[in-house]
>>> print(open('entry01.pdb').read())   # PDB, C-alpha atoms
ATOM      1  CA  MET O   1       0.000   0.000   0.000
ATOM      2  CA  PHE O   2       2.810   2.398   0.918
ATOM      3  CA  LEU O   3       4.643   1.621  -2.324
ATOM      4  CA  LEU O   4       1.484   2.226  -4.354
ATOM      5  CA  ARG O   5       0.942   5.548  -2.587
ATOM      6  CA  ARG O   6       4.542   6.602  -3.319
ATOM      7  CA  GLN O   7       4.144   5.653  -6.985
ATOM      8  CA  THR O   8       0.948   7.698  -7.287
ATOM      9  CA  GLN O   9       2.624  10.700  -5.651
ATOM     10  CA  ASN O  10       5.637  10.424  -7.966
ATOM     11  CA  GLN O  11       3.353  10.251 -10.997
ATOM     12  CA  GLN O  12       1.587  13.427  -9.872
ATOM     13  CA  GLU O  13       4.890  15.204  -9.263
ATOM     14  CA  ASN O  14       6.274  14.090 -12.616
ATOM     15  CA  GLY O  15       3.090  15.250 -14.315
ATOM     16  CA  SER O  16       3.324  18.653 -12.645
ATOM     17  CA  SER O  17       7.016  18.969 -13.495
ATOM     18  CA  TYR O  18       6.291  17.981 -17.090
ATOM     19  CA  GLN O  19       3.581  20.625 -17.400
ATOM     20  CA  ASP O  20       5.736  23.305 -15.780
ATOM     21  CA  ALA O  21       8.491  22.524 -18.276
ATOM     22  CA  LYS O  22       6.044  22.810 -21.164
ATOM     23  CA  VAL O  23       4.799  26.169 -19.868
ATOM     24  CA  ALA O  24       8.386  27.439 -19.670
ATOM     25  CA  GLU O  25       9.084  26.133 -23.183
ATOM     26  CA  LEU O  26       6.007  27.858 -24.592
ATOM     27  CA  ARG O  27       6.851  31.125 -22.868
ATOM     28  CA  ALA O  28      10.356  31.044 -24.345
ATOM     29  CA  ALA O  29       8.882  30.422 -27.798
ATOM     30  CA  ILE O  30       6.532  33.429 -27.751
ATOM     31  CA  VAL O  31       8.215  36.673 -28.824
ATOM     32  CA  ASN O  32       7.201  40.338 -28.686
ATOM     33  CA  LEU O  33       5.485  40.059 -25.317
ATOM     34  CA  SER O  34       4.972  43.354 -23.542
ATOM     35  CA  GLY O  35       2.170  45.447 -22.099
ATOM     36  CA  ARG O  36      -1.232  43.845 -22.512
ATOM     37  CA  ARG O  37       0.160  40.821 -24.318
ATOM     38  CA  LEU O  38       2.474  40.069 -21.423
ATOM     39  CA  LYS O  39      -0.360  40.576 -18.957
ATOM     40  CA  TYR O  40      -2.554  38.200 -20.956
ATOM     41  CA  CYS O  41       0.087  35.452 -21.135
ATOM     42  CA  THR O  42       0.077  34.341 -17.522
ATOM     43  CA  ASP O  43       1.271  30.844 -16.678
ATOM     44  CA  ALA O  44      -2.373  29.821 -16.218
ATOM     45  CA  CYS O  45      -3.144  31.173 -19.682
ATOM     46  CA  LEU O  46      -0.283  29.244 -21.267
ATOM     47  CA  ARG O  47      -1.477  26.090 -19.522
ATOM     48  CA  ARG O  48      -4.921  26.491 -21.067
ATOM     49  CA  TYR O  49      -3.483  26.760 -24.571
ATOM     50  CA  LEU O  50      -1.187  23.806 -23.973
ATOM     51  CA  GLU O  51      -4.028  21.707 -22.636
ATOM     52  CA  ALA O  52      -6.162  22.680 -25.628
ATOM     53  CA  ARG O  53      -3.432  21.315 -27.884
ATOM     54  CA  ASN O  54      -2.647  18.227 -25.811
ATOM     55  CA  TRP O  55       0.579  19.799 -24.485
ATOM     56  CA  ASN O  56       2.104  20.131 -27.934
ATOM     57  CA  VAL O  57       4.183  23.309 -27.656
ATOM     58  CA  ASP O  58       4.300  24.075 -31.394
ATOM     59  CA  LYS O  59       0.538  23.756 -31.796
ATOM     60  CA  ALA O  60      -0.120  25.725 -28.610
ATOM     61  CA  LYS O  61       2.256  28.440 -29.807
ATOM     62  CA  LYS O  62       0.423  28.736 -33.112
ATOM     63  CA  MET O  63      -2.931  28.885 -31.344
ATOM     64  CA  LEU O  64      -1.749  31.501 -28.864
ATOM     65  CA  GLU O  65      -0.210  33.666 -31.586
ATOM     66  CA  GLU O  66      -3.505  33.638 -33.481
ATOM     67  CA  THR O  67      -5.281  34.773 -30.315
ATOM     68  CA  LEU O  68      -2.766  37.569 -29.735
ATOM     69  CA  LYS O  69      -3.307  38.762 -33.319
ATOM     70  CA  TRP O  70      -7.064  38.615 -32.839
ATOM     71  CA  ARG O  71      -6.938  40.489 -29.538
ATOM     72  CA  SER O  72      -4.653  43.175 -30.996
ATOM     73  CA  THR O  73      -7.256  44.006 -33.654
ATOM     74  CA  TYR O  74     -10.624  43.036 -32.146
ATOM     75  CA  LYS O  75      -9.566  44.447 -28.758
ATOM     76  CA  PRO O  76     -12.122  42.604 -26.603
ATOM     77  CA  GLU O  77     -10.741  44.218 -23.449
ATOM     78  CA  GLU O  78     -11.732  47.640 -24.812
ATOM     79  CA  ILE O  79     -15.399  46.839 -25.391
ATOM     80  CA  ARG O  80     -17.528  48.805 -22.952
ATOM     81  CA  TRP O  81     -21.087  48.158 -21.860
ATOM     82  CA  ALA O  82     -22.342  51.355 -23.486
ATOM     83  CA  GLU O  83     -21.395  49.881 -26.872
ATOM     84  CA  VAL O  84     -23.362  46.657 -26.434
ATOM     85  CA  ALA O  85     -26.047  47.568 -23.888
ATOM     86  CA  HIS O  86     -28.775  47.643 -26.551
ATOM     87  CA  GLU O  87     -28.016  44.000 -27.299
ATOM     88  CA  GLY O  88     -28.661  43.108 -23.683
ATOM     89  CA  GLU O  89     -31.969  44.908 -23.166
ATOM     90  CA  THR O  90     -33.955  41.655 -23.061
ATOM     91  CA  GLY O  91     -31.384  39.764 -21.006
ATOM     92  CA  LYS O  92     -30.639  37.275 -23.784
ATOM     93  CA  VAL O  93     -27.152  36.837 -22.292
ATOM     94  CA  SER O  94     -26.199  37.908 -18.785
ATOM     95  CA  ARG O  95     -23.902  36.972 -15.935
ATOM     96  CA  ALA O  96     -25.822  35.309 -13.126
ATOM     97  CA  ASN O  97     -25.735  36.593  -9.566
ATOM     98  CA  PHE O  98     -24.777  33.116  -8.345
ATOM     99  CA  HIS O  99     -21.986  30.608  -8.987
ATOM    100  CA  ASP O 100     -22.003  26.870  -9.495
ATOM    101  CA  ARG O 101     -20.957  24.553  -6.664
ATOM    102  CA  LEU O 102     -17.309  24.822  -7.746
ATOM    103  CA  GLY O 103     -17.333  28.597  -7.491
ATOM    104  CA  ARG O 104     -17.365  29.227 -11.232
ATOM    105  CA  PRO O 105     -19.195  32.250 -12.679
ATOM    106  CA  VAL O 106     -22.312  31.458 -14.689
ATOM    107  CA  LEU O 107     -23.527  32.940 -17.950
ATOM    108  CA  ILE O 108     -27.258  32.621 -18.569
ATOM    109  CA  MET O 109     -28.314  32.504 -22.209
ATOM    110  CA  ARG O 110     -31.902  32.830 -23.391
ATOM    111  CA  PRO O 111     -32.050  32.495 -27.184
ATOM    112  CA  GLY O 112     -35.811  33.006 -27.078
ATOM    113  CA  MET O 113     -35.114  36.616 -26.006
ATOM    114  CA  GLN O 114     -33.200  37.488 -29.176
ATOM    115  CA  ASN O 115     -33.871  41.153 -29.935
ATOM    116  CA  THR O 116     -31.504  42.203 -32.732
ATOM    117  CA  ALA O 117     -30.461  40.996 -36.173
ATOM    118  CA  SER O 118     -26.841  42.132 -36.450
ATOM    119  CA  PRO O 119     -24.466  39.124 -36.318
ATOM    120  CA  GLU O 120     -21.477  41.374 -35.579
ATOM    121  CA  ASN O 121     -23.191  43.097 -32.653
ATOM    122  CA  ASN O 122     -24.495  39.805 -31.258
ATOM    123  CA  ILE O 123     -20.973  38.405 -31.278
ATOM    124  CA  ARG O 124     -19.484  41.570 -29.789
ATOM    125  CA  HIS O 125     -22.046  41.471 -26.985
ATOM    126  CA  LEU O 126     -21.186  37.848 -26.203
ATOM    127  CA  VAL O 127     -17.439  38.534 -26.326
ATOM    128  CA  TYR O 128     -17.954  41.398 -23.869
ATOM    129  CA  LEU O 129     -19.717  39.052 -21.449
ATOM    130  CA  LEU O 130     -17.060  36.368 -21.865
ATOM    131  CA  GLU O 131     -14.449  38.942 -20.910
ATOM    132  CA  ASN O 132     -16.627  40.066 -18.016
ATOM    133  CA  ALA O 133     -16.971  36.504 -16.736
ATOM    134  CA  VAL O 134     -13.190  36.091 -16.924
ATOM    135  CA  LEU O 135     -12.788  39.381 -15.047
ATOM    136  CA  ASN O 136     -14.959  37.980 -12.256
ATOM    137  CA  LEU O 137     -13.210  34.630 -11.901
ATOM    138  CA  SER O 138     -12.199  33.773  -8.368
ATOM    139  CA  GLU O 139      -8.492  33.388  -7.658
ATOM    140  CA  GLY O 140      -7.259  30.094  -9.031
ATOM    141  CA  GLN O 141     -10.404  29.612 -11.121
ATOM    142  CA  GLU O 142     -10.112  29.501 -14.914
ATOM    143  CA  GLN O 143     -13.507  28.344 -16.130
ATOM    144  CA  MET O 144     -17.158  29.336 -16.320
ATOM    145  CA  SER O 145     -20.462  27.501 -16.685
ATOM    146  CA  TRP O 146     -23.318  28.231 -19.067
ATOM    147  CA  LEU O 147     -27.044  27.780 -18.514
ATOM    148  CA  ILE O 148     -29.195  27.988 -21.645
ATOM    149  CA  ASP O 149     -32.950  28.520 -21.281
ATOM    150  CA  PHE O 150     -35.113  27.779 -24.330
ATOM    151  CA  THR O 151     -38.286  29.481 -23.138
ATOM    152  CA  GLY O 152     -39.776  31.320 -26.111
ATOM    153  CA  PHE O 153     -37.337  29.784 -28.571
ATOM    154  CA  SER O 154     -38.483  29.584 -32.193
ATOM    155  CA  LEU O 155     -36.958  29.527 -35.652
ATOM    156  CA  GLY O 156     -37.603  33.261 -35.757
ATOM    157  CA  THR O 157     -35.418  33.923 -32.700
ATOM    158  CA  ASN O 158     -32.658  31.542 -33.698
ATOM    159  CA  ILE O 159     -29.306  32.971 -34.805
ATOM    160  CA  PRO O 160     -28.014  32.050 -38.290
ATOM    161  CA  ILE O 161     -25.747  29.019 -38.660
ATOM    162  CA  LYS O 162     -22.885  31.257 -39.809
ATOM    163  CA  THR O 163     -23.148  33.388 -36.672
ATOM    164  CA  ALA O 164     -23.140  30.247 -34.528
ATOM    165  CA  ARG O 165     -20.076  29.032 -36.413
ATOM    166  CA  ASP O 166     -18.263  32.319 -35.826
ATOM    167  CA  ILE O 167     -19.112  32.196 -32.116
ATOM    168  CA  ILE O 168     -17.828  28.628 -31.846
ATOM    169  CA  HIS O 169     -14.649  29.629 -33.666
ATOM    170  CA  ILE O 170     -13.985  32.479 -31.231
ATOM    171  CA  LEU O 171     -14.796  30.378 -28.178
ATOM    172  CA  GLN O 172     -12.701  27.382 -29.178
ATOM    173  CA  ASN O 173      -9.722  29.253 -30.596
ATOM    174  CA  HIS O 174      -9.498  32.351 -28.408
ATOM    175  CA  TYR O 175     -11.024  31.211 -25.096
ATOM    176  CA  PRO O 176      -9.675  27.658 -24.783
ATOM    177  CA  GLU O 177     -10.476  25.823 -21.574
ATOM    178  CA  ARG O 178     -12.760  28.634 -20.415
ATOM    179  CA  LEU O 179     -15.964  26.637 -20.778
ATOM    180  CA  ALA O 180     -16.402  24.038 -18.059
ATOM    181  CA  ILE O 181     -19.907  22.880 -18.930
ATOM    182  CA  ALA O 182     -22.995  24.114 -20.778
ATOM    183  CA  PHE O 183     -26.474  22.958 -19.793
ATOM    184  CA  LEU O 184     -29.155  23.190 -22.487
ATOM    185  CA  TYR O 185     -32.374  23.016 -20.504
ATOM    186  CA  ASN O 186     -35.399  21.428 -22.154
ATOM    187  CA  PRO O 187     -34.643  22.441 -25.762
ATOM    188  CA  PRO O 188     -37.607  22.006 -28.141
ATOM    189  CA  ARG O 189     -37.572  19.531 -30.989
ATOM    190  CA  ILE O 190     -37.068  22.271 -33.558
ATOM    191  CA  PHE O 191     -33.666  22.928 -31.972
ATOM    192  CA  GLN O 192     -32.435  19.447 -32.856
ATOM    193  CA  ALA O 193     -31.837  20.268 -36.527
ATOM    194  CA  PHE O 194     -29.916  23.414 -35.553
ATOM    195  CA  TRP O 195     -27.832  21.409 -33.071
ATOM    196  CA  LYS O 196     -26.936  18.799 -35.678
ATOM    197  CA  ALA O 197     -25.711  21.593 -37.958
ATOM    198  CA  ILE O 198     -23.558  23.418 -35.412
ATOM    199  CA  LYS O 199     -22.235  20.266 -33.747
ATOM    200  CA  TYR O 200     -20.205  19.737 -36.911
ATOM    201  CA  PHE O 201     -18.058  22.726 -35.938
ATOM    202  CA  LEU O 202     -17.518  21.580 -32.358
ATOM    203  CA  ASP O 203     -14.486  19.613 -31.328
ATOM    204  CA  PRO O 204     -15.605  16.307 -29.791
ATOM    205  CA  LYS O 205     -14.126  17.251 -26.407
ATOM    206  CA  THR O 206     -16.035  20.515 -26.465
ATOM    207  CA  ALA O 207     -19.225  18.745 -27.502
ATOM    208  CA  GLN O 208     -18.879  16.495 -24.451
ATOM    209  CA  LYS O 209     -19.214  19.575 -22.260
ATOM    210  CA  VAL O 210     -22.652  20.294 -23.723
ATOM    211  CA  LYS O 211     -25.324  18.579 -21.639
ATOM    212  CA  PHE O 212     -28.993  18.337 -22.586
ATOM    213  CA  VAL O 213     -31.253  18.454 -19.553
ATOM    214  CA  TYR O 214     -34.911  17.409 -19.646
ATOM    215  CA  PRO O 215     -37.208  17.682 -16.610
ATOM    216  CA  ASN O 216     -38.425  14.098 -17.121
ATOM    217  CA  ASN O 217     -34.911  12.672 -17.390
ATOM    218  CA  LYS O 218     -33.766  11.910 -13.858
ATOM    219  CA  ASP O 219     -30.092  11.394 -14.719
ATOM    220  CA  SER O 220     -29.737  14.737 -16.518
ATOM    221  CA  VAL O 221     -31.556  16.562 -13.724
ATOM    222  CA  GLU O 222     -29.335  14.941 -11.093
ATOM    223  CA  LEU O 223     -26.216  15.972 -13.036
ATOM    224  CA  MET O 224     -27.417  19.554 -13.019
ATOM    225  CA  LYS O 225     -28.231  19.434  -9.304
ATOM    226  CA  SER O 226     -24.764  18.071  -8.593
ATOM    227  CA  LEU O 227     -23.275  21.307  -9.934
ATOM    228  CA  PHE O 228     -25.879  23.848  -8.824
ATOM    229  CA  ASP O 229     -27.576  24.663  -5.556
ATOM    230  CA  ILE O 230     -31.287  24.137  -6.215
ATOM    231  CA  ASP O 231     -32.118  27.154  -4.035
ATOM    232  CA  ASN O 232     -30.035  29.454  -6.252
ATOM    233  CA  LEU O 233     -31.019  27.861  -9.538
ATOM    234  CA  PRO O 234     -33.842  29.712 -11.355
ATOM    235  CA  SER O 235     -37.114  27.853 -11.904
ATOM    236  CA  GLU O 236     -36.479  27.993 -15.653
ATOM    237  CA  PHE O 237     -33.748  25.428 -14.971
ATOM    238  CA  GLY O 238     -35.704  23.366 -12.452
ATOM    239  CA  GLY O 239     -34.626  25.317  -9.388
ATOM    240  CA  LYS O 240     -36.462  27.300  -6.726
ATOM    241  CA  ALA O 241     -35.203  30.816  -7.492
ATOM    242  CA  THR O 242     -36.773  33.391  -9.772
ATOM    243  CA  LEU O 243     -34.986  34.473 -12.920
ATOM    244  CA  LYS O 244     -35.522  38.206 -13.173
ATOM    245  CA  TYR O 245     -33.418  40.346 -15.458
ATOM    246  CA  ASP O 246     -33.354  44.037 -14.596
ATOM    247  CA  HIS O 247     -31.563  45.805 -17.432
ATOM    248  CA  GLU O 248     -30.920  48.994 -15.469
ATOM    249  CA  GLU O 249     -29.518  47.104 -12.491
ATOM    250  CA  PHE O 250     -27.372  44.864 -14.690
ATOM    251  CA  SER O 251     -26.130  47.872 -16.641
ATOM    252  CA  GLN O 252     -24.953  49.535 -13.443
ATOM    253  CA  LEU O 253     -23.040  46.385 -12.525
ATOM    254  CA  MET O 254     -21.409  46.264 -15.954
ATOM    255  CA  VAL O 255     -20.416  49.925 -15.843
ATOM    256  CA  GLU O 256     -18.719  49.314 -12.497
ATOM    257  CA  ASP O 257     -16.913  46.336 -13.984
ATOM    258  CA  ASP O 258     -15.832  48.456 -16.949
ATOM    259  CA  VAL O 259     -13.854  50.592 -14.522
ATOM    260  CA  LYS O 260     -12.141  47.455 -13.198
ATOM    261  CA  THR O 261     -11.413  46.315 -16.763
ATOM    262  CA  ALA O 262      -9.831  49.642 -17.719
ATOM    263  CA  LYS O 263      -7.689  49.574 -14.586
ATOM    264  CA  LEU O 264      -6.652  45.967 -15.199
ATOM    265  CA  TRP O 265      -5.531  46.358 -18.806
ATOM    266  CA  GLY O 266      -4.322  49.960 -18.798
ATOM    267  CA  PRO O 267      -3.773  52.044 -21.952
ATOM    268  CA  ASP O 268      -3.019  50.372 -25.268
ATOM    269  CA  ASP O 269       0.325  51.733 -26.447
ATOM    270  CA  GLU O 270       1.428  48.682 -28.425
ATOM    271  CA  LYS O 271       1.817  47.997 -32.107
ATOM    272  CA  PRO O 272      -0.280  45.216 -33.696
ATOM    273  CA  PHE O 273       1.028  41.799 -32.752
ATOM    274  CA  THR O 274       3.270  40.107 -35.300
ATOM    275  CA  THR O 275       4.779  36.649 -35.377
ATOM    276  CA  LYS O 276       8.308  35.790 -36.498
ATOM    277  CA  THR O 277       6.924  35.497 -40.030
ATOM    278  CA  GLY O 278       5.643  39.057 -39.838
ATOM    279  CA  HIS O 279       1.973  38.132 -40.114
ATOM    280  CA  SER O 280      -0.565  40.281 -38.297
ATOM    281  CA  GLY O 281      -4.182  41.317 -38.472
ATOM    282  CA  ALA O 282      -7.600  40.046 -37.502
ATOM    283  CA  GLU O 283      -8.427  36.399 -37.831
ATOM    284  CA  VAL O 284     -11.707  35.411 -39.422
ATOM    285  CA  ALA O 285     -13.561  32.165 -39.036
ATOM    286  CA  PRO O 286     -12.375  29.673 -41.639
ATOM    287  CA  GLU O 287     -14.598  27.785 -44.008
ATOM    288  CA  PRO O 288     -15.948  24.559 -42.508
ATOM    289  CA  VAL O 289     -13.189  21.954 -42.271
ATOM    290  CA  PRO O 290     -12.694  18.956 -39.983
ATOM    291  CA  VAL O 291     -11.730  20.368 -36.608
ATOM    292  CA  GLU O 292      -8.422  19.698 -34.883
ATOM    293  CA  THR O 293      -8.556  18.369 -31.380
ATOM    294  CA  VAL O 294      -9.150  21.278 -29.027
ATOM    295  CA  VAL O 295     -10.541  21.632 -25.553
ATOM    296  CA  SER O 296     -12.649  24.716 -24.806
TER     297      SER O 296
END
>>> encode(input="entry01.pdb", output="structure tokens")
Amino acid sequence: MFLLRRQTQNQQENGSSYQDAKVAELRAAIVNLSGRRLKYCTDACLRRYLEARNWNVDKAKKMLEETLKWRSTYKPEEIRWAEVAHEGETGKVSRANFHDRLGRPVLIMRPGMQNTASPENNIRHLVYLLENAVLNLSEGQEQMSWLIDFTGFSLGTNIPIKTARDIIHILQNHYPERLAIAFLYNPPRIFQAFWKAIKYFLDPKTAQKVKFVYPNNKDSVELMKSLFDIDNLPSEFGGKATLKYDHEEFSQLMVEDDVKTAKLWGPDDEKPFTTKTGHSGAEVAPEPVPVETVVS
């Protein structure tokens, strides 16, 4: 028993040492890090990119460089609530006032509350809230949970496939290992065709994080209860709380967080990010191709 315990401990230590070495190797491989880019590339950040690429330094480096290019042009840290507030008037995406049982922030999505038709603005609104959820991560926490409520969902409120593809591309390639789990609560049958279409763009490991929950399916309900306190969980997700979105109240919270964001990132006095090959610029979602293994 003692020998087995020692072997397990050594395996854990070797694993940790191996990962630390990979983080150091990736950091040495990334050039032109200063200002916001340096602040973004924490050890925890590098670990997420390495894990997303199965600890392959070259692949993680390529992925991280693409993110740095994207961030240098899209500038997600500079989006302010005033720019996207109109997208959030119905509460179609918002950060919950509770966490899951592991202390992770929760984004609540209600596609049935879709209120605008601009793909670009919808994506910008979601990116803002992703950044906001990251801003509000507890120390040592790297991931968030999603709760998706399908009340009022119809083909008329559904976002286009292309917009969904672009969102998946941004999430998987620029926010790797940020999504812990996504619960789709009681989706209607008409959603199934949409899911089959967008699942094509999801990496299998990411798809495994998407859980369908139906009130009459005991196992799925129990999985949800294992991660959420039923007293905090809104009734729309089978809980006892009330889901009430107050746009004015939420806006005030976001404005306060905008101050924290500006203080965290500071002024942008850097040139656009370039790799050793000299490439720079915004990255766009590629045409549909078989996805490479990635963990979001």
>>> resolve_selection(input="entry01.pdb", expression="the PyMOL selection byres ((chain O and resi 132) around 12)", output="ChimeraX atom specification")
/O:76-81,93-96,105-107,125-131,133-137,144,253-262,264
>>> residues_around(input="entry01.pdb", residues="Gly88 in chain O", least_positions_apart="4", cutoff="12 Å", atoms="all atoms listed in the file", output="PDB file with C-alpha atoms, in the coordinates of the input")
ATOM      1  CA  TRP O  81     -21.087  48.158 -21.860  1.00  0.00           C
ATOM      2  CA  ALA O  82     -22.342  51.355 -23.486  1.00  0.00           C
ATOM      3  CA  GLU O  83     -21.395  49.881 -26.872  1.00  0.00           C
ATOM      4  CA  VAL O  84     -23.362  46.657 -26.434  1.00  0.00           C
ATOM      5  CA  LYS O  92     -30.639  37.275 -23.784  1.00  0.00           C
ATOM      6  CA  VAL O  93     -27.152  36.837 -22.292  1.00  0.00           C
ATOM      7  CA  SER O  94     -26.199  37.908 -18.785  1.00  0.00           C
ATOM      8  CA  ARG O  95     -23.902  36.972 -15.935  1.00  0.00           C
ATOM      9  CA  ILE O 108     -27.258  32.621 -18.569  1.00  0.00           C
ATOM     10  CA  MET O 109     -28.314  32.504 -22.209  1.00  0.00           C
ATOM     11  CA  ARG O 110     -31.902  32.830 -23.391  1.00  0.00           C
ATOM     12  CA  PRO O 111     -32.050  32.495 -27.184  1.00  0.00           C
ATOM     13  CA  MET O 113     -35.114  36.616 -26.006  1.00  0.00           C
ATOM     14  CA  GLN O 114     -33.200  37.488 -29.176  1.00  0.00           C
ATOM     15  CA  ASN O 115     -33.871  41.153 -29.935  1.00  0.00           C
ATOM     16  CA  THR O 116     -31.504  42.203 -32.732  1.00  0.00           C
ATOM     17  CA  ASN O 121     -23.191  43.097 -32.653  1.00  0.00           C
ATOM     18  CA  ASN O 122     -24.495  39.805 -31.258  1.00  0.00           C
ATOM     19  CA  ILE O 123     -20.973  38.405 -31.278  1.00  0.00           C
ATOM     20  CA  ARG O 124     -19.484  41.570 -29.789  1.00  0.00           C
ATOM     21  CA  HIS O 125     -22.046  41.471 -26.985  1.00  0.00           C
ATOM     22  CA  LEU O 126     -21.186  37.848 -26.203  1.00  0.00           C
ATOM     23  CA  TYR O 128     -17.954  41.398 -23.869  1.00  0.00           C
ATOM     24  CA  LEU O 129     -19.717  39.052 -21.449  1.00  0.00           C
ATOM     25  CA  TYR O 245     -33.418  40.346 -15.458  1.00  0.00           C
ATOM     26  CA  ASP O 246     -33.354  44.037 -14.596  1.00  0.00           C
ATOM     27  CA  HIS O 247     -31.563  45.805 -17.432  1.00  0.00           C
ATOM     28  CA  GLU O 248     -30.920  48.994 -15.469  1.00  0.00           C
ATOM     29  CA  GLU O 249     -29.518  47.104 -12.491  1.00  0.00           C
ATOM     30  CA  PHE O 250     -27.372  44.864 -14.690  1.00  0.00           C
ATOM     31  CA  SER O 251     -26.130  47.872 -16.641  1.00  0.00           C
ATOM     32  CA  MET O 254     -21.409  46.264 -15.954  1.00  0.00           C
TER      33      MET O 254
END
>>> resolve_selection(input="entry01.pdb", expression="the PyMOL selection byres ((chain O and resi 52) around 12)", output="PDB file with C-alpha atoms, in the frame of the given file")
ATOM      1  CA  CYS O  45      -3.144  31.173 -19.682  1.00  0.00           C
ATOM      2  CA  LEU O  46      -0.283  29.244 -21.267  1.00  0.00           C
ATOM      3  CA  ARG O  47      -1.477  26.090 -19.522  1.00  0.00           C
ATOM      4  CA  ARG O  48      -4.921  26.491 -21.067  1.00  0.00           C
ATOM      5  CA  TYR O  49      -3.483  26.760 -24.571  1.00  0.00           C
ATOM      6  CA  LEU O  50      -1.187  23.806 -23.973  1.00  0.00           C
ATOM      7  CA  GLU O  51      -4.028  21.707 -22.636  1.00  0.00           C
ATOM      8  CA  ARG O  53      -3.432  21.315 -27.884  1.00  0.00           C
ATOM      9  CA  ASN O  54      -2.647  18.227 -25.811  1.00  0.00           C
ATOM     10  CA  TRP O  55       0.579  19.799 -24.485  1.00  0.00           C
ATOM     11  CA  ASN O  56       2.104  20.131 -27.934  1.00  0.00           C
ATOM     12  CA  VAL O  57       4.183  23.309 -27.656  1.00  0.00           C
ATOM     13  CA  LYS O  59       0.538  23.756 -31.796  1.00  0.00           C
ATOM     14  CA  ALA O  60      -0.120  25.725 -28.610  1.00  0.00           C
ATOM     15  CA  LYS O  61       2.256  28.440 -29.807  1.00  0.00           C
ATOM     16  CA  LYS O  62       0.423  28.736 -33.112  1.00  0.00           C
ATOM     17  CA  MET O  63      -2.931  28.885 -31.344  1.00  0.00           C
ATOM     18  CA  LEU O  64      -1.749  31.501 -28.864  1.00  0.00           C
ATOM     19  CA  LEU O 171     -14.796  30.378 -28.178  1.00  0.00           C
ATOM     20  CA  GLN O 172     -12.701  27.382 -29.178  1.00  0.00           C
ATOM     21  CA  ASN O 173      -9.722  29.253 -30.596  1.00  0.00           C
ATOM     22  CA  HIS O 174      -9.498  32.351 -28.408  1.00  0.00           C
ATOM     23  CA  TYR O 175     -11.024  31.211 -25.096  1.00  0.00           C
ATOM     24  CA  PRO O 176      -9.675  27.658 -24.783  1.00  0.00           C
ATOM     25  CA  GLU O 177     -10.476  25.823 -21.574  1.00  0.00           C
ATOM     26  CA  ARG O 178     -12.760  28.634 -20.415  1.00  0.00           C
ATOM     27  CA  LEU O 179     -15.964  26.637 -20.778  1.00  0.00           C
ATOM     28  CA  ASP O 203     -14.486  19.613 -31.328  1.00  0.00           C
ATOM     29  CA  LYS O 205     -14.126  17.251 -26.407  1.00  0.00           C
ATOM     30  CA  THR O 206     -16.035  20.515 -26.465  1.00  0.00           C
ATOM     31  CA  GLU O 292      -8.422  19.698 -34.883  1.00  0.00           C
ATOM     32  CA  THR O 293      -8.556  18.369 -31.380  1.00  0.00           C
ATOM     33  CA  VAL O 294      -9.150  21.278 -29.027  1.00  0.00           C
ATOM     34  CA  VAL O 295     -10.541  21.632 -25.553  1.00  0.00           C
ATOM     35  CA  SER O 296     -12.649  24.716 -24.806  1.00  0.00           C
TER      36      SER O 296
END
>>> atom_distance(input="entry01.pdb", atom1="CA of Asp100 in chain O", atom2="CA of Glu87 in chain O")
25.4 Å
>>> closest_residue(input="entry01.pdb", among="O:Asp20, O:Glu120, O:Leu155, O:Leu38", to="Ala193 in chain O", atoms="only C-alpha atoms")
O:Leu155
>>> resolve_selection(input="entry01.pdb", expression="the PyMOL selection byres ((chain O and resi 160) around 12)", output="number ranges by chain")
O: 111, 114, 117-120, 122-123, 155-159, 161-167, 194-195, 197-198
>>> atom_distance(input="entry01.pdb", atom1="CA of Lys199 in chain O", atom2="CA of Ile148 in chain O")
16.0 Å
>>> residues_near_point(input="entry01.pdb", point="(-27.9, 16.8, -15.1)", cutoff="10 Å", atoms="all atoms listed in the file", output="PDB file with C-alpha atoms, in the frame of the given file")
ATOM      1  CA  PHE O 183     -26.474  22.958 -19.793  1.00  0.00           C
ATOM      2  CA  LEU O 184     -29.155  23.190 -22.487  1.00  0.00           C
ATOM      3  CA  TYR O 185     -32.374  23.016 -20.504  1.00  0.00           C
ATOM      4  CA  LYS O 211     -25.324  18.579 -21.639  1.00  0.00           C
ATOM      5  CA  PHE O 212     -28.993  18.337 -22.586  1.00  0.00           C
ATOM      6  CA  VAL O 213     -31.253  18.454 -19.553  1.00  0.00           C
ATOM      7  CA  TYR O 214     -34.911  17.409 -19.646  1.00  0.00           C
ATOM      8  CA  PRO O 215     -37.208  17.682 -16.610  1.00  0.00           C
ATOM      9  CA  ASN O 217     -34.911  12.672 -17.390  1.00  0.00           C
ATOM     10  CA  LYS O 218     -33.766  11.910 -13.858  1.00  0.00           C
ATOM     11  CA  ASP O 219     -30.092  11.394 -14.719  1.00  0.00           C
ATOM     12  CA  SER O 220     -29.737  14.737 -16.518  1.00  0.00           C
ATOM     13  CA  VAL O 221     -31.556  16.562 -13.724  1.00  0.00           C
ATOM     14  CA  GLU O 222     -29.335  14.941 -11.093  1.00  0.00           C
ATOM     15  CA  LEU O 223     -26.216  15.972 -13.036  1.00  0.00           C
ATOM     16  CA  MET O 224     -27.417  19.554 -13.019  1.00  0.00           C
ATOM     17  CA  LYS O 225     -28.231  19.434  -9.304  1.00  0.00           C
ATOM     18  CA  SER O 226     -24.764  18.071  -8.593  1.00  0.00           C
ATOM     19  CA  LEU O 227     -23.275  21.307  -9.934  1.00  0.00           C
ATOM     20  CA  PHE O 228     -25.879  23.848  -8.824  1.00  0.00           C
TER      21      PHE O 228
END
>>> atom_distance(input="entry01.pdb", atom1="CA of Trp70 in chain O", atom2="CA of Ile170 in chain O")
9.4 Å
>>> axis_aligned_box(input="entry01.pdb", around="range 60-74 of chain O", padding_each_side="4 Å", output="AutoDock Vina command-line options")
--center_x -4.2 --center_y 34.9 --center_z -31.1 --size_x 20.9 --size_y 26.3 --size_z 13.0
